[in-house]
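The data block below is data-v8.cif; it holds mmCIF, C-alpha atoms, pLDDT in the B column; chains and numbers go by the auth columns.
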```
data_run
loop_
_atom_site.group_PDB
_atom_site.id
_atom_site.type_symbol
_atom_site.label_atom_id
_atom_site.label_comp_id
_atom_site.label_asym_id
_atom_site.label_seq_id
_atom_site.Cartn_x
_atom_site.Cartn_y
_atom_site.Cartn_z
_atom_site.B_iso_or_equiv
_atom_site.auth_seq_id
_atom_site.auth_asym_id
ATOM 1 C CA MET A 1 158.469 54.502 98.705 43.00 1 E
ATOM 2 C CA LEU A 2 159.591 54.732 102.326 54.00 2 E
ATOM 3 C CA PHE A 3 158.874 57.989 104.087 68.00 3 E
ATOM 4 C CA GLU A 4 162.201 59.487 105.116 84.00 4 E
ATOM 5 C CA PRO A 5 161.715 63.225 105.740 93.00 5 E
ATOM 6 C CA ARG A 6 164.625 65.546 105.089 96.00 6 E
ATOM 7 C CA SER A 7 164.137 66.910 108.586 97.00 7 E
ATOM 8 C CA GLY A 8 164.727 63.392 109.915 96.00 8 E
ATOM 9 C CA ARG A 9 168.021 63.027 108.040 96.00 9 E
ATOM 10 C CA LEU A 10 169.172 66.475 109.169 98.00 10 E
ATOM 11 C CA ALA A 11 168.285 65.810 112.814 98.00 11 E
ATOM 12 C CA ALA A 12 169.700 62.273 112.921 97.00 12 E
ATOM 13 C CA TRP A 13 173.039 63.008 111.293 97.00 13 E
ATOM 14 C CA GLY A 14 173.257 66.448 112.883 98.00 14 E
ATOM 15 C CA ASN A 15 172.881 64.801 116.290 97.00 15 E
ATOM 16 C CA ALA A 16 175.585 62.272 115.435 97.00 16 E
ATOM 17 C CA LEU A 17 177.898 65.100 114.393 97.00 17 E
ATOM 18 C CA LEU A 18 177.178 67.147 117.511 96.00 18 E
ATOM 19 C CA ALA A 19 177.926 64.055 119.621 95.00 19 E
ATOM 20 C CA GLY A 20 181.277 63.566 117.851 96.00 20 E
ATOM 21 C CA LEU A 21 180.249 60.206 116.371 97.00 21 E
ATOM 22 C CA VAL A 22 180.686 61.106 112.678 97.00 22 E
ATOM 23 C CA SER A 23 182.789 63.531 110.666 97.00 23 E
ATOM 24 C CA PRO A 24 181.299 66.683 109.102 97.00 24 E
ATOM 25 C CA ASP A 25 181.744 65.212 105.607 96.00 25 E
ATOM 26 C CA GLU A 26 179.926 61.991 106.524 96.00 26 E
ATOM 27 C CA ALA A 27 177.100 63.899 108.160 97.00 27 E
ATOM 28 C CA VAL A 28 176.608 66.247 105.212 97.00 28 E
ATOM 29 C CA LEU A 29 176.686 63.453 102.624 96.00 29 E
ATOM 30 C CA SER A 30 174.073 61.523 104.568 95.00 30 E
ATOM 31 C CA ILE A 31 171.833 64.563 105.043 96.00 31 E
ATOM 32 C CA VAL A 32 171.945 65.595 101.385 96.00 32 E
ATOM 33 C CA GLY A 33 171.309 62.052 100.165 91.00 33 E
ATOM 34 C CA GLU A 34 170.129 62.086 96.548 90.00 34 E
ATOM 35 C CA ASP A 35 169.543 65.855 96.518 93.00 35 E
ATOM 36 C CA ALA A 36 171.992 68.095 94.678 93.00 36 E
ATOM 37 C CA VAL A 37 172.699 70.634 97.410 95.00 37 E
ATOM 38 C CA HIS A 38 171.455 71.898 100.776 97.00 38 E
ATOM 39 C CA ARG A 39 171.972 75.434 102.082 98.00 39 E
ATOM 40 C CA VAL A 40 170.925 77.242 105.241 98.00 40 E
ATOM 41 C CA GLU A 41 169.622 80.801 105.085 98.00 41 E
ATOM 42 C CA GLY A 42 169.062 83.229 107.949 97.00 42 E
ATOM 43 C CA LEU A 43 171.563 81.857 110.456 97.00 43 E
ATOM 44 C CA PRO A 44 172.585 84.444 113.071 96.00 44 E
ATOM 45 C CA GLY A 45 176.016 85.813 112.190 92.00 45 E
ATOM 46 C CA GLU A 46 175.754 84.919 108.488 93.00 46 E
ATOM 47 C CA SER A 47 174.855 87.506 105.856 91.00 47 E
ATOM 48 C CA GLY A 48 173.606 85.001 103.289 94.00 48 E
ATOM 49 C CA PRO A 49 173.008 81.309 102.607 96.00 49 E
ATOM 50 C CA VAL A 50 175.789 78.944 103.697 97.00 50 E
ATOM 51 C CA GLY A 51 176.524 75.284 103.087 97.00 51 E
ATOM 52 C CA LEU A 52 175.595 72.585 105.561 97.00 52 E
ATOM 53 C CA THR A 53 179.107 72.093 106.888 97.00 53 E
ATOM 54 C CA MET A 54 179.443 75.746 107.825 97.00 54 E
ATOM 55 C CA ALA A 55 175.850 75.905 109.065 97.00 55 E
ATOM 56 C CA LEU A 56 176.265 72.970 111.454 97.00 56 E
ATOM 57 C CA GLY A 57 179.504 74.460 112.751 96.00 57 E
ATOM 58 C CA ARG A 58 177.831 77.831 113.269 96.00 58 E
ATOM 59 C CA MET A 59 174.926 76.206 115.102 97.00 59 E
ATOM 60 C CA ARG A 60 177.330 74.443 117.446 97.00 60 E
ATOM 61 C CA ALA A 61 179.024 77.802 118.123 96.00 61 E
ATOM 62 C CA LEU A 62 175.601 79.303 118.892 96.00 62 E
ATOM 63 C CA GLY A 63 175.073 76.690 121.611 97.00 63 E
ATOM 64 C CA VAL A 64 173.077 74.041 119.763 97.00 64 E
ATOM 65 C CA THR A 65 173.515 70.676 121.476 96.00 65 E
ATOM 66 C CA GLY A 66 170.878 68.631 119.639 97.00 66 E
ATOM 67 C CA LEU A 67 168.192 68.637 116.963 97.00 67 E
ATOM 68 C CA ARG A 68 164.559 67.553 117.141 97.00 68 E
ATOM 69 C CA VAL A 69 162.081 66.804 114.326 97.00 69 E
ATOM 70 C CA ALA A 70 158.582 68.211 113.875 98.00 70 E
ATOM 71 C CA LEU A 71 156.087 66.673 111.408 97.00 71 E
ATOM 72 C CA PRO A 72 152.976 68.856 111.747 97.00 72 E
ATOM 73 C CA ALA A 73 149.692 68.370 109.905 94.00 73 E
ATOM 74 C CA PRO A 74 146.496 70.468 109.926 93.00 74 E
ATOM 75 C CA GLY A 75 145.057 70.297 113.421 93.00 75 E
ATOM 76 C CA HIS A 76 148.105 68.455 114.754 94.00 76 E
ATOM 77 C CA PRO A 77 151.180 70.632 115.541 96.00 77 E
ATOM 78 C CA LEU A 78 153.338 67.554 116.165 96.00 78 E
ATOM 79 C CA GLY A 79 156.769 68.514 117.527 96.00 79 E
ATOM 80 C CA LEU A 80 156.206 72.283 117.397 97.00 80 E
ATOM 81 C CA SER A 81 156.439 74.784 120.231 94.00 81 E
ATOM 82 C CA GLY A 82 155.819 78.145 118.481 95.00 82 E
ATOM 83 C CA PRO A 83 155.812 80.975 117.748 97.00 83 E
ATOM 84 C CA ALA A 84 152.998 81.257 115.205 96.00 84 E
ATOM 85 C CA GLU A 85 155.238 82.312 112.299 96.00 85 E
ATOM 86 C CA PHE A 86 157.512 79.309 112.653 98.00 86 E
ATOM 87 C CA ASN A 87 154.570 76.952 113.148 97.00 87 E
ATOM 88 C CA ALA A 88 152.905 78.265 109.984 97.00 88 E
ATOM 89 C CA ARG A 89 156.052 77.806 107.895 97.00 89 E
ATOM 90 C CA ALA A 90 156.575 74.312 109.311 98.00 90 E
ATOM 91 C CA LEU A 91 152.961 73.352 108.640 97.00 91 E
ATOM 92 C CA GLU A 92 153.249 74.524 105.045 97.00 92 E
ATOM 93 C CA ALA A 93 156.403 72.421 104.560 97.00 93 E
ATOM 94 C CA GLU A 94 154.927 69.561 106.635 96.00 94 E
ATOM 95 C CA GLU A 95 158.232 69.244 108.508 98.00 95 E
ATOM 96 C CA ALA A 96 160.861 71.187 110.433 98.00 96 E
ATOM 97 C CA VAL A 97 163.895 70.819 112.680 98.00 97 E
ATOM 98 C CA VAL A 98 164.001 72.488 116.110 98.00 98 E
ATOM 99 C CA ALA A 99 167.350 73.105 117.810 97.00 99 E
ATOM 100 C CA VAL A 100 168.101 72.270 121.435 97.00 100 E
ATOM 101 C CA GLY A 101 170.308 74.753 123.288 96.00 101 E
ATOM 102 C CA ALA A 102 169.463 77.738 121.084 97.00 102 E
ATOM 103 C CA ALA A 103 166.055 79.152 120.132 97.00 103 E
ATOM 104 C CA LEU A 104 166.368 78.313 116.439 98.00 104 E
ATOM 105 C CA GLY A 105 164.373 76.240 113.988 98.00 105 E
ATOM 106 C CA LEU A 106 164.899 75.185 110.369 98.00 106 E
ATOM 107 C CA VAL A 107 162.194 74.780 107.727 98.00 107 E
ATOM 108 C CA PRO A 108 163.048 73.308 104.306 98.00 108 E
ATOM 109 C CA GLU A 109 162.102 74.814 100.970 98.00 109 E
ATOM 110 C CA VAL A 110 162.583 72.360 98.097 96.00 110 E
ATOM 111 C CA ALA A 111 163.203 73.453 94.494 94.00 111 E
ATOM 112 C CA GLU A 112 163.221 71.025 91.559 89.00 112 E
ATOM 113 C CA ALA A 113 164.468 71.647 88.039 85.00 113 E
ATOM 114 C CA GLY A 114 165.185 69.307 85.150 72.00 114 E
ATOM 115 C CA PRO A 115 164.047 68.080 81.734 73.00 115 E
ATOM 116 C CA ASP A 116 161.912 65.241 83.126 71.00 116 E
ATOM 117 C CA PRO A 117 160.946 63.667 86.483 66.00 117 E
ATOM 118 C CA ALA A 118 163.667 61.042 86.126 66.00 118 E
ATOM 119 C CA ASP A 119 166.406 63.658 85.843 73.00 119 E
ATOM 120 C CA LEU A 120 165.669 66.319 88.436 79.00 120 E
ATOM 121 C CA HIS A 121 168.128 68.675 90.120 88.00 121 E
ATOM 122 C CA VAL A 122 166.815 69.065 93.670 92.00 122 E
ATOM 123 C CA SER A 123 168.090 71.867 95.877 96.00 123 E
ATOM 124 C CA VAL A 124 166.984 72.495 99.460 98.00 124 E
ATOM 125 C CA THR A 125 167.136 75.785 101.334 98.00 125 E
ATOM 126 C CA TRP A 126 166.681 75.519 105.093 98.00 126 E
ATOM 127 C CA HIS A 127 165.219 78.762 106.444 98.00 127 E
ATOM 128 C CA CYS A 128 166.433 79.504 109.967 98.00 128 E
ATOM 129 C CA LEU A 129 163.808 81.186 112.173 98.00 129 E
ATOM 130 C CA PRO A 130 163.432 81.936 115.892 97.00 130 E
ATOM 131 C CA VAL A 131 161.441 79.407 117.938 98.00 131 E
ATOM 132 C CA ARG A 132 159.934 79.371 121.398 96.00 132 E
ATOM 133 C CA GLU A 133 161.879 77.307 123.917 90.00 133 E
ATOM 134 C CA ALA A 134 159.158 75.016 125.241 90.00 134 E
ATOM 135 C CA PRO A 135 158.331 71.290 125.240 89.00 135 E
ATOM 136 C CA PRO A 136 157.361 70.059 121.737 92.00 136 E
ATOM 137 C CA ALA A 137 153.703 69.262 121.154 91.00 137 E
ATOM 138 C CA ASP A 138 152.359 65.702 121.374 92.00 138 E
ATOM 139 C CA VAL A 139 155.637 63.755 121.072 93.00 139 E
ATOM 140 C CA PRO A 140 155.396 60.320 122.730 93.00 140 E
ATOM 141 C CA SER A 141 158.174 58.329 124.334 93.00 141 E
ATOM 142 C CA LEU A 142 159.702 55.477 122.341 93.00 142 E
ATOM 143 C CA GLY A 143 157.854 52.967 124.492 92.00 143 E
ATOM 144 C CA GLU A 144 154.504 54.677 123.924 94.00 144 E
ATOM 145 C CA ALA A 145 155.200 54.952 120.203 94.00 145 E
ATOM 146 C CA GLU A 146 156.060 51.275 119.889 92.00 146 E
ATOM 147 C CA ARG A 147 152.860 50.189 121.659 93.00 147 E
ATOM 148 C CA GLU A 148 150.743 52.539 119.545 92.00 148 E
ATOM 149 C CA LEU A 149 152.393 51.288 116.349 88.00 149 E
ATOM 150 C CA ALA A 150 151.720 47.644 117.083 87.00 150 E
ATOM 151 C CA GLU A 151 148.019 48.417 117.439 87.00 151 E
ATOM 152 C CA ALA A 152 148.055 50.737 114.405 79.00 152 E
ATOM 153 C CA LEU A 153 149.613 48.064 112.208 77.00 153 E
ATOM 154 C CA ARG A 154 146.852 45.633 113.172 81.00 154 E
ATOM 155 C CA GLU A 155 144.192 48.267 112.504 75.00 155 E
ATOM 156 C CA ALA A 156 145.709 49.229 109.148 69.00 156 E
ATOM 157 C CA THR A 157 145.830 45.605 108.023 72.00 157 E
ATOM 158 C CA VAL A 158 142.186 45.051 108.993 74.00 158 E
ATOM 159 C CA VAL A 159 141.019 48.254 107.312 68.00 159 E
ATOM 160 C CA LEU A 160 142.978 47.688 104.112 66.00 160 E
ATOM 161 C CA THR A 161 141.832 44.087 103.867 71.00 161 E
ATOM 162 C CA ARG A 162 138.213 45.140 104.309 68.00 162 E
ATOM 163 C CA LEU A 163 138.642 47.780 101.593 63.00 163 E
ATOM 164 C CA ASP A 164 140.373 45.298 99.275 61.00 164 E
ATOM 165 C CA VAL A 165 143.662 47.205 99.014 55.00 165 E
ATOM 166 C CA ALA A 166 145.988 45.438 101.448 49.00 166 E
ATOM 167 C CA GLY A 167 148.923 43.975 99.547 48.00 167 E
ATOM 168 C CA SER A 168 146.822 43.484 96.412 48.00 168 E
ATOM 169 C CA GLY A 169 147.856 44.342 92.884 51.00 169 E
ATOM 170 C CA PRO A 170 151.271 44.698 91.258 54.00 170 E
ATOM 171 C CA VAL A 171 151.957 48.215 92.562 52.00 171 E
ATOM 172 C CA ALA A 172 151.313 47.214 96.164 53.00 172 E
ATOM 173 C CA GLU A 173 153.400 44.079 95.813 55.00 173 E
ATOM 174 C CA ALA A 174 156.301 46.028 94.292 58.00 174 E
ATOM 175 C CA ALA A 175 156.232 48.617 97.079 55.00 175 E
ATOM 176 C CA LEU A 176 156.149 46.004 99.829 58.00 176 E
ATOM 177 C CA SER A 177 158.903 43.989 98.132 61.00 177 E
ATOM 178 C CA ALA A 178 161.093 47.107 97.977 58.00 178 E
ATOM 179 C CA TYR A 179 160.472 47.709 101.672 54.00 179 E
ATOM 180 C CA ARG A 180 161.458 44.158 102.575 55.00 180 E
ATOM 181 C CA ALA A 181 164.574 44.277 100.378 58.00 181 E
ATOM 182 C CA ARG A 182 165.825 47.490 101.973 53.00 182 E
ATOM 183 C CA ALA A 183 165.112 46.207 105.480 51.00 183 E
ATOM 184 C CA GLU A 184 166.846 42.895 104.840 49.00 184 E
ATOM 185 C CA ALA A 185 169.863 44.675 103.363 47.00 185 E
ATOM 186 C CA GLY A 186 170.457 46.309 106.764 43.00 186 E
ATOM 187 C CA ARG A 187 169.769 49.833 105.540 50.00 187 E
ATOM 188 C CA GLU A 188 171.048 52.316 108.093 59.00 188 E
ATOM 189 C CA VAL A 189 167.758 53.931 109.047 68.00 189 E
ATOM 190 C CA LEU A 190 169.302 56.145 111.713 89.00 190 E
ATOM 191 C CA ALA A 191 172.690 57.664 112.369 95.00 191 E
ATOM 192 C CA PRO A 192 175.185 56.389 114.975 94.00 192 E
ATOM 193 C CA GLY A 193 174.242 57.138 118.565 93.00 193 E
ATOM 194 C CA TYR A 194 170.597 56.099 118.363 95.00 194 E
ATOM 195 C CA PRO A 195 169.261 53.281 120.564 92.00 195 E
ATOM 196 C CA ALA A 196 168.258 49.998 118.916 92.00 196 E
ATOM 197 C CA ARG A 197 164.666 50.571 119.975 93.00 197 E
ATOM 198 C CA ALA A 198 164.579 53.799 117.948 95.00 198 E
ATOM 199 C CA VAL A 199 165.689 51.919 114.829 92.00 199 E
ATOM 200 C CA ARG A 200 162.950 49.334 115.416 91.00 200 E
ATOM 201 C CA VAL A 201 160.284 51.996 115.972 93.00 201 E
ATOM 202 C CA LEU A 202 161.345 53.977 112.897 92.00 202 E
ATOM 203 C CA SER A 203 161.282 50.886 110.662 88.00 203 E
ATOM 204 C CA LEU A 204 157.828 49.888 111.906 86.00 204 E
ATOM 205 C CA ALA A 205 156.515 53.448 111.515 89.00 205 E
ATOM 206 C CA GLN A 206 157.765 53.504 107.920 85.00 206 E
ATOM 207 C CA ARG A 207 155.986 50.213 107.224 81.00 207 E
ATOM 208 C CA VAL A 208 152.715 51.546 108.639 82.00 208 E
ATOM 209 C CA ASP A 209 153.119 54.753 106.638 81.00 209 E
ATOM 210 C CA LEU A 210 153.784 52.711 103.490 79.00 210 E
ATOM 211 C CA LEU A 211 150.603 50.696 103.971 76.00 211 E
ATOM 212 C CA VAL A 212 148.589 53.889 104.462 77.00 212 E
ATOM 213 C CA SER A 213 150.151 55.441 101.341 76.00 213 E
ATOM 214 C CA LEU A 214 149.248 52.377 99.289 72.00 214 E
ATOM 215 C CA ALA A 215 145.648 52.669 100.420 71.00 215 E
ATOM 216 C CA TYR A 216 145.449 56.319 99.438 68.00 216 E
ATOM 217 C CA GLU A 217 147.360 56.231 96.170 62.00 217 E
ATOM 218 C CA HIS A 218 147.006 52.945 94.338 53.00 218 E
ATOM 219 C CA GLY A 219 143.581 52.209 92.981 49.00 219 E
ATOM 220 C CA PRO A 220 140.158 52.197 94.590 50.00 220 E
ATOM 221 C CA GLY A 221 140.183 48.479 95.398 48.00 221 E
ATOM 222 C CA GLY A 222 136.791 47.569 96.776 47.00 222 E
ATOM 223 C CA ALA A 223 135.968 51.175 97.724 45.00 223 E
ATOM 224 C CA VAL A 224 134.428 52.551 94.550 51.00 224 E
ATOM 225 C CA ALA A 225 131.710 54.833 95.893 62.00 225 E
ATOM 226 C CA ALA A 226 132.502 58.313 97.185 68.00 226 E
ATOM 227 C CA SER A 227 131.090 57.354 100.571 68.00 227 E
ATOM 228 C CA GLU A 228 133.382 54.341 100.728 66.00 228 E
ATOM 229 C CA MET A 229 136.400 56.464 99.780 67.00 229 E
ATOM 230 C CA ALA A 230 135.501 58.858 102.603 72.00 230 E
ATOM 231 C CA ALA A 231 135.175 55.913 104.981 69.00 231 E
ATOM 232 C CA ARG A 232 138.643 54.741 103.977 70.00 232 E
ATOM 233 C CA ALA A 233 140.160 58.148 104.698 73.00 233 E
ATOM 234 C CA GLN A 234 138.363 58.369 108.036 75.00 234 E
ATOM 235 C CA ALA A 235 139.562 54.905 109.057 74.00 235 E
ATOM 236 C CA LEU A 236 143.167 55.528 108.057 79.00 236 E
ATOM 237 C CA ARG A 237 143.599 59.021 109.476 83.00 237 E
ATOM 238 C CA PRO A 238 144.234 57.854 113.077 85.00 238 E
ATOM 239 C CA VAL A 239 146.694 55.233 111.826 85.00 239 E
ATOM 240 C CA GLU A 240 148.586 57.855 109.850 87.00 240 E
ATOM 241 C CA ARG A 241 148.709 60.094 112.930 91.00 241 E
ATOM 242 C CA VAL A 242 150.212 57.295 115.038 92.00 242 E
ATOM 243 C CA ALA A 243 152.873 56.642 112.387 91.00 243 E
ATOM 244 C CA ARG A 244 153.893 60.315 112.320 93.00 244 E
ATOM 245 C CA ARG A 245 154.087 60.437 116.128 95.00 245 E
ATOM 246 C CA ALA A 246 156.319 57.382 116.102 94.00 246 E
ATOM 247 C CA LEU A 247 158.605 58.834 113.434 95.00 247 E
ATOM 248 C CA VAL A 248 159.129 61.951 115.532 96.00 248 E
ATOM 249 C CA ALA A 249 159.724 59.901 118.681 96.00 249 E
ATOM 250 C CA ALA A 250 162.377 57.825 116.901 96.00 250 E
ATOM 251 C CA TYR A 251 164.240 60.778 115.392 96.00 251 E
ATOM 252 C CA ASN A 252 164.123 62.697 118.686 96.00 252 E
ATOM 253 C CA SER A 253 165.193 59.793 120.889 96.00 253 E
ATOM 254 C CA ALA A 254 168.925 60.579 120.796 94.00 254 E
ATOM 255 C CA VAL A 255 168.241 64.025 122.268 94.00 255 E
ATOM 256 C CA GLU A 256 165.781 62.640 124.818 90.00 256 E
ATOM 257 C CA GLU A 257 168.237 59.990 126.021 86.00 257 E
ATOM 258 C CA ARG A 258 171.075 62.504 126.265 84.00 258 E
ATOM 259 C CA GLU A 259 168.901 64.879 128.322 81.00 259 E
ATOM 260 C CA ARG A 260 167.863 62.062 130.661 79.00 260 E
ATOM 261 C CA GLY A 261 171.408 60.740 131.106 68.00 261 E
#
```

Would you mind writing the file's structure down as structure tokens?
Amino acid sequence: MLFEPRSGRLAAWGNALLAGLVSPDEAVLSIVGEDAVHRVEGLPGESGPVGLTMALGRMRALGVTGLRVALPAPGHPLGLSGPAEFNARALEAEEAVVAVGAALGLVPEVAEAGPDPADLHVSVTWHCLPVREAPPADVPSLGEAERELAEALREATVVLTRLDVAGSGPVAEAALSAYRARAEAGREVLAPGYPARAVRVLSLAQRVDLLVSLAYEHGPGGAVAASEMAARAQALRPVERVARRALVAAYNSAVEERERG
């Protein structure tokens, strides 16, 4: 499964809406995706949760001119700028959106309900919290991210081959085939207004992330001993970090280009 964080969809399509490149309905449909509903809670000027259309309009009225993504992990506050309360909530959710032009951030809370995993009703509540207006932590430029990814993809392939999990087995083959099919179908990986390089970086970052996920999730391959499993995790951790940095760089590139130009 390709990694497409909800914060990425919200930032990408929210940026397109703020730039006047898509309609509110198109933006909201793309953000919600396969979820049932998204609401925003805690927006200044609103007494309770509101729908995405109203929330995005309210944020524009509050001075928001763009949206950035944060994908923090323990020991790596990627894309965050504080304060501690917001960082803690974002770390727990493993993602967040940080507004540009107003000191606001959004952290998703996902609720699932349904009779079985194949028939789930997924609702998302975005909690709006104050943030510190400061440069986000450890976000590379698109150029840096692309160079890092090229090296990471080579490293991941070498590591997974050595551990006997690279592209082996029916589960791995199915996942890689699904990736190729979606890429070849011209899936719109980013919203209008993003540079072509951002689309390329995002697609490559998703491929690297997919390879790492396969290594972690689908069978021990040649690494059967606990020490070998630990070695796999240690070898893949830097690759996973590079992929997350690249994802953030791609999603944030529309804001970065607008601020430069």

I need the residue nearest Ala198 in chain E from this list: E:Val242, E:Ala233, E:Leu71, E:Ala145. Use all atoms listed in the file for the distance.
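Counting all atoms listed in the file, the residue closest to Ala198 in chain E is E:Ala145.
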
Expanded to explicit residues, what is the PyMOL selection byres ((chain E and resi 18-32) around 10) for this file, as a count of residues only?
39

Distance query Glu133 in chain E at most 9 Å, all atoms listed in the file, self and fewer than 4 positions along chain excluded, as a PyMOL selection string:
chain E and resi 81-82+100-104

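For the pair CA of Leu129 in chain E and CA of Glu240 in chain E, the interatomic distance is 28.0 Å.
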
Determine, counting only C-alpha atoms, which protein, DNA and RNA residues have an atom within 9 Å of an atom of Glu146 in chain E; residues of the same chain fewer than 6 positions away are not included. Present the result as a VMD selection string.
chain E and resid 197 200 to 201 204 to 205 246

Around the point (151.1, 60.0, 112.4) in the file's coordinates, collect all residues with an atom within 10 Å, using all atoms listed in the file, and return them as a PyMOL selection string.
chain E and resi 71-73+76+78+149+152+205+208-209+237-248

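Of note, CA of Ala88 in chain E and CA of Glu257 in chain E are spaced 28.7 Å apart.
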
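Taking CA of Arg132 in chain E and CA of Glu4 in chain E as endpoints, the distance between them is 25.8 Å.
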
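If you measure from each of E:Ser253, E:Gly48, E:Trp126, E:Thr157 to Val110 in chain E using only C-alpha atoms, the closest one turns out to be E:Trp126.
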
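For the set E:Glu46, E:Glu94, E:Asp138, E:Glu148, the residue with the smallest atom-to-atom gap to Val107 in chain E is E:Glu94, counting only C-alpha atoms.
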
Which residues, named as in the file, does the PyMOL selection byres ((chain E and resi 89) around 10) pick out? Answer as a compact mmCIF listing (two decimals) with C-alpha atoms, keeping the file's coordinate frame.
```txt
# COMPACT_ATOMS: atom_id res chain seq x y z
CA ALA E 84 153.00 81.26 115.20
CA GLU E 85 155.24 82.31 112.30
CA PHE E 86 157.51 79.31 112.65
CA ASN E 87 154.57 76.95 113.15
CA ALA E 88 152.90 78.26 109.98
CA ALA E 90 156.57 74.31 109.31
CA LEU E 91 152.96 73.35 108.64
CA GLU E 92 153.25 74.52 105.04
CA ALA E 93 156.40 72.42 104.56
CA GLU E 94 154.93 69.56 106.64
CA GLU E 95 158.23 69.24 108.51
CA ALA E 96 160.86 71.19 110.43
CA LEU E 106 164.90 75.18 110.37
CA VAL E 107 162.19 74.78 107.73
CA PRO E 108 163.05 73.31 104.31
CA GLU E 109 162.10 74.81 100.97
CA HIS E 127 165.22 78.76 106.44
CA LEU E 129 163.81 81.19 112.17
```
